[in-house]
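Remarks on the structure that follows.
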Amino acid sequence: MPPMNDWLTQPGLTHFLVVSGILFSLGVFAIITRRNAVMVLMGIELILNAANINFVAFSRFTTGTFDGQVIAVFVIILAAAEAAIALAIVLNIYQMFNTVNVDEINQLRD
Amino acid sequence: MELTTIVFYVFAAITLIAGAIVVFSRSIVYSAFALLFAFFGVAGLYVLLMADFLAVTQLMIYVGAILVLLIFGVMLTTRVIDVQMRTGTIHVLPALLIVAALAGVLVHVLVSTDWKVLPELFTPEETAPQIGTALLTTYVLPFEVASVILLVALIGAAMIARRERKV
């Protein structure tokens with residue numbers, strides 16, 4: 001590792017990875033602690049964004065190809081599909097239980 | 001200090017502070033709007049990583065579509081009349097410990113690893129044509145599968161959300 005001062009003033013691969021690591025941890029925290037299902041979804045979106053930063057950062061700094069960016073496009077596509085399906089399920093749960101708190105929903109049948 | 005360095009720290013700060021507000025805010029509406037800034041900050045990081053097409057895609061799909069969906073979800077599942085916009089949290093302290101340990105391990109591993117960084121950084125002139133070519137040549141099978149998945153998700157979401165309830 002270069003000297004500390006140099007390291008701080010020149011953002012490299014590690015800086016982006018650290019940002020993504022912290023963002024990932026925040027998303028995990030949201031998923032663990034929030035009771036509202038929509039908040040859990042927001043945590044998942046944070047985690048997907050953290051993963052995407054990693055893909056693009058590695059694409060620029062280590063592989064030097066477009067593969068990482070293409071994978072990031074697929075991640076965004078899947079995130080869109082996941083958000084639509086998950087919110088439809090959340091709406092259905094709300095109609096059935098009149099709540100979206102994930103710790104109060106404990107039966108699958110009607 | 002170079003301009004890109006300052007811009008990096010600005011966008012990293014926007015992303016992380018907004019992410020922290022998303023996670024720690026008591027009001028779900030504040031969380032939803034903080035998520036907008038988190039997505040915006042990530043788009044800025046993409047620009048710094050020379051991924052301009054991805055940055056625009058991020059803004060259009062995350063901010064334009066997913067966030068609007070989430071806000072619809074908030075509005076449709078929260079009793080606005082009762083002003084019950086606050087969301088409860090459970091086992092915060094153990095989660096805080098575990099997540100702090102996770103973040104510490106992650107950051108330590110990421111900083112201490114000796115990454116094989118290219119001597120010449122990957123700086124493409126333009127990204128959209130290359131990504132389009134890659135999608136239709138190397139990645140044509142995942143591309144088609146993704147389109148089927150989107151179709152299935154669209155139909156499935158409409159079916160699930162509109163299912164008639166037998167009273």
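Ordering of the structure tokens sets the chain letters (A, B, ...); residue numbers start at 1 within each chain; ligands are numbered from 1 in the order shown.
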Per residue of chain A within 6 Å of chain B, note the shortest atom pair and the distance in Å to one decimal, counting only C-alpha atoms, and order the rows by chain and increasing residue number, as a Markdown table.
```
| residue | atom | partner | partner_atom | distance |
| --- | --- | --- | --- | --- |
| A:Thr14 | CA | B:Val111 | CA | 5.9 |
| A:Val18 | CA | B:Val107 | CA | 5.6 |
| A:Ile22 | CA | B:Ala103 | CA | 6.0 |
| A:Ser25 | CA | B:Ala103 | CA | 5.7 |
| A:Ala30 | CA | B:Val23 | CA | 5.2 |
| A:Thr33 | CA | B:Ile90 | CA | 5.0 |
| A:Arg34 | CA | B:Thr89 | CA | 4.7 |
| A:Arg35 | CA | B:Thr89 | CA | 5.6 |
| A:Arg60 | CA | B:Phe122 | CA | 4.9 |
| A:Phe61 | CA | B:Val117 | CA | 5.4 |
| A:Thr62 | CA | B:Val117 | CA | 4.9 |
| A:Gly64 | CA | B:Phe122 | CA | 4.9 |
| A:Ala81 | CA | B:Ala153 | CA | 5.6 |
| A:Ile85 | CA | B:Ala157 | CA | 4.9 |
| A:Ala88 | CA | B:Ala161 | CA | 4.7 |
```
Find the residues around range 43-54 of chain A up to 6 Å (only C-alpha atoms counted), leave out those fewer than 6 positions away in its own chain, and share them as a ChimeraX atom specification.
/A:20,23-24,27,30-31,72
Could you please determine the separation between CA of Met96 in chain A and CA of Met42 in chain A in Å, to one decimal place?
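It comes out at 22.2 Å.
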Contacts of Gln107 in chain A within 12 Å, only C-alpha atoms, excl. fewer than 2 positions in-chain, as number ranges by chain
A: 93, 96-97, 102-105, 109-110
Could you go through chain A and tell me which residues DSSP, when run on the backbone, assigns to alpha helix (DSSP H), listing them as a VMD selection string?
chain A and resid 4 to 9 13 to 33 37 to 58 67 to 97
Dump C-alpha atoms for the selected residues as an mmCIF file, in the first residue's frame?
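Written out: result-v6.cif:
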```cif
data_model
loop_
_atom_site.group_PDB
_atom_site.id
_atom_site.type_symbol
_atom_site.label_atom_id
_atom_site.label_comp_id
_atom_site.auth_asym_id
_atom_site.auth_seq_id
_atom_site.Cartn_x
_atom_site.Cartn_y
_atom_site.Cartn_z
ATOM 1 C CA MET A 4 -1.271 7.181 3.772
ATOM 2 C CA ASN A 5 -1.395 10.710 2.405
ATOM 3 C CA ASP A 6 -1.020 9.508 -1.164
ATOM 4 C CA TRP A 7 -3.636 6.838 -0.549
ATOM 5 C CA LEU A 8 -6.220 9.374 0.617
ATOM 6 C CA THR A 9 -5.803 11.788 -2.266
ATOM 7 C CA LEU A 13 -10.068 0.450 -6.567
ATOM 8 C CA THR A 14 -9.994 0.124 -2.783
ATOM 9 C CA HIS A 15 -11.934 3.353 -2.243
ATOM 10 C CA PHE A 16 -14.835 2.214 -4.391
ATOM 11 C CA LEU A 17 -14.801 -1.215 -2.765
ATOM 12 C CA VAL A 18 -14.899 0.322 0.716
ATOM 13 C CA VAL A 19 -17.871 2.516 -0.237
ATOM 14 C CA SER A 20 -19.649 -0.533 -1.591
ATOM 15 C CA GLY A 21 -18.793 -2.580 1.495
ATOM 16 C CA ILE A 22 -20.284 0.038 3.824
ATOM 17 C CA LEU A 23 -23.370 0.362 1.604
ATOM 18 C CA PHE A 24 -23.777 -3.426 1.735
ATOM 19 C CA SER A 25 -23.582 -3.389 5.532
ATOM 20 C CA LEU A 26 -26.223 -0.652 5.709
ATOM 21 C CA GLY A 27 -28.521 -2.741 3.510
ATOM 22 C CA VAL A 28 -28.033 -5.796 5.729
ATOM 23 C CA PHE A 29 -28.843 -3.659 8.770
ATOM 24 C CA ALA A 30 -32.090 -2.473 7.149
ATOM 25 C CA ILE A 31 -33.101 -6.035 6.327
ATOM 26 C CA ILE A 32 -32.395 -7.289 9.867
ATOM 27 C CA THR A 33 -34.004 -4.505 11.886
ATOM 28 C CA ALA A 37 -41.698 -5.174 4.312
ATOM 29 C CA VAL A 38 -41.208 -2.149 2.038
ATOM 30 C CA MET A 39 -38.226 -1.080 4.159
ATOM 31 C CA VAL A 40 -36.775 -4.581 3.785
ATOM 32 C CA LEU A 41 -37.085 -4.115 0.018
ATOM 33 C CA MET A 42 -35.191 -0.825 0.256
ATOM 34 C CA GLY A 43 -32.411 -2.670 2.083
ATOM 35 C CA ILE A 44 -32.269 -5.200 -0.749
ATOM 36 C CA GLU A 45 -31.971 -2.368 -3.280
ATOM 37 C CA LEU A 46 -29.029 -0.931 -1.307
ATOM 38 C CA ILE A 47 -27.310 -4.325 -1.371
ATOM 39 C CA LEU A 48 -27.843 -4.688 -5.122
ATOM 40 C CA ASN A 49 -26.363 -1.219 -5.662
ATOM 41 C CA ALA A 50 -23.339 -2.141 -3.557
ATOM 42 C CA ALA A 51 -22.786 -5.253 -5.665
ATOM 43 C CA ASN A 52 -23.094 -3.183 -8.835
ATOM 44 C CA ILE A 53 -20.434 -0.717 -7.671
ATOM 45 C CA ASN A 54 -18.121 -3.690 -7.180
ATOM 46 C CA PHE A 55 -18.796 -5.048 -10.674
ATOM 47 C CA VAL A 56 -18.134 -1.707 -12.357
ATOM 48 C CA ALA A 57 -15.074 -0.932 -10.212
ATOM 49 C CA PHE A 58 -13.465 -4.286 -11.001
ATOM 50 C CA ASP A 67 -18.041 -7.729 -18.805
ATOM 51 C CA GLY A 68 -18.556 -6.068 -15.437
ATOM 52 C CA GLN A 69 -20.713 -3.325 -16.914
ATOM 53 C CA VAL A 70 -22.855 -5.850 -18.813
ATOM 54 C CA ILE A 71 -23.377 -7.882 -15.630
ATOM 55 C CA ALA A 72 -24.358 -4.659 -13.859
ATOM 56 C CA VAL A 73 -27.011 -4.077 -16.535
ATOM 57 C CA PHE A 74 -28.396 -7.561 -15.829
ATOM 58 C CA VAL A 75 -28.429 -6.830 -12.098
ATOM 59 C CA ILE A 76 -30.449 -3.670 -12.743
ATOM 60 C CA ILE A 77 -32.901 -5.653 -14.910
ATOM 61 C CA LEU A 78 -33.364 -8.257 -12.189
ATOM 62 C CA ALA A 79 -33.759 -5.550 -9.544
ATOM 63 C CA ALA A 80 -36.610 -4.034 -11.546
ATOM 64 C CA ALA A 81 -38.351 -7.403 -11.911
ATOM 65 C CA GLU A 82 -37.800 -8.194 -8.233
ATOM 66 C CA ALA A 83 -39.199 -4.863 -7.072
ATOM 67 C CA ALA A 84 -42.367 -5.288 -9.151
ATOM 68 C CA ILE A 85 -43.048 -8.840 -7.955
ATOM 69 C CA ALA A 86 -42.185 -8.111 -4.340
ATOM 70 C CA LEU A 87 -44.457 -5.072 -4.187
ATOM 71 C CA ALA A 88 -47.314 -7.047 -5.714
ATOM 72 C CA ILE A 89 -46.842 -9.666 -2.988
ATOM 73 C CA VAL A 90 -46.653 -6.947 -0.322
ATOM 74 C CA LEU A 91 -49.924 -5.439 -1.567
ATOM 75 C CA ASN A 92 -51.584 -8.845 -1.403
ATOM 76 C CA ILE A 93 -50.274 -9.414 2.120
ATOM 77 C CA TYR A 94 -51.622 -6.018 3.140
ATOM 78 C CA GLN A 95 -55.079 -6.869 1.812
ATOM 79 C CA MET A 96 -55.045 -10.161 3.675
ATOM 80 C CA PHE A 97 -53.497 -9.225 7.041
#
```
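Nearest to Ala55 in chain B of all the residues B:Gly41, B:Glu126, B:Leu36, B:Ser25 is B:Gly41, counting only C-alpha atoms.
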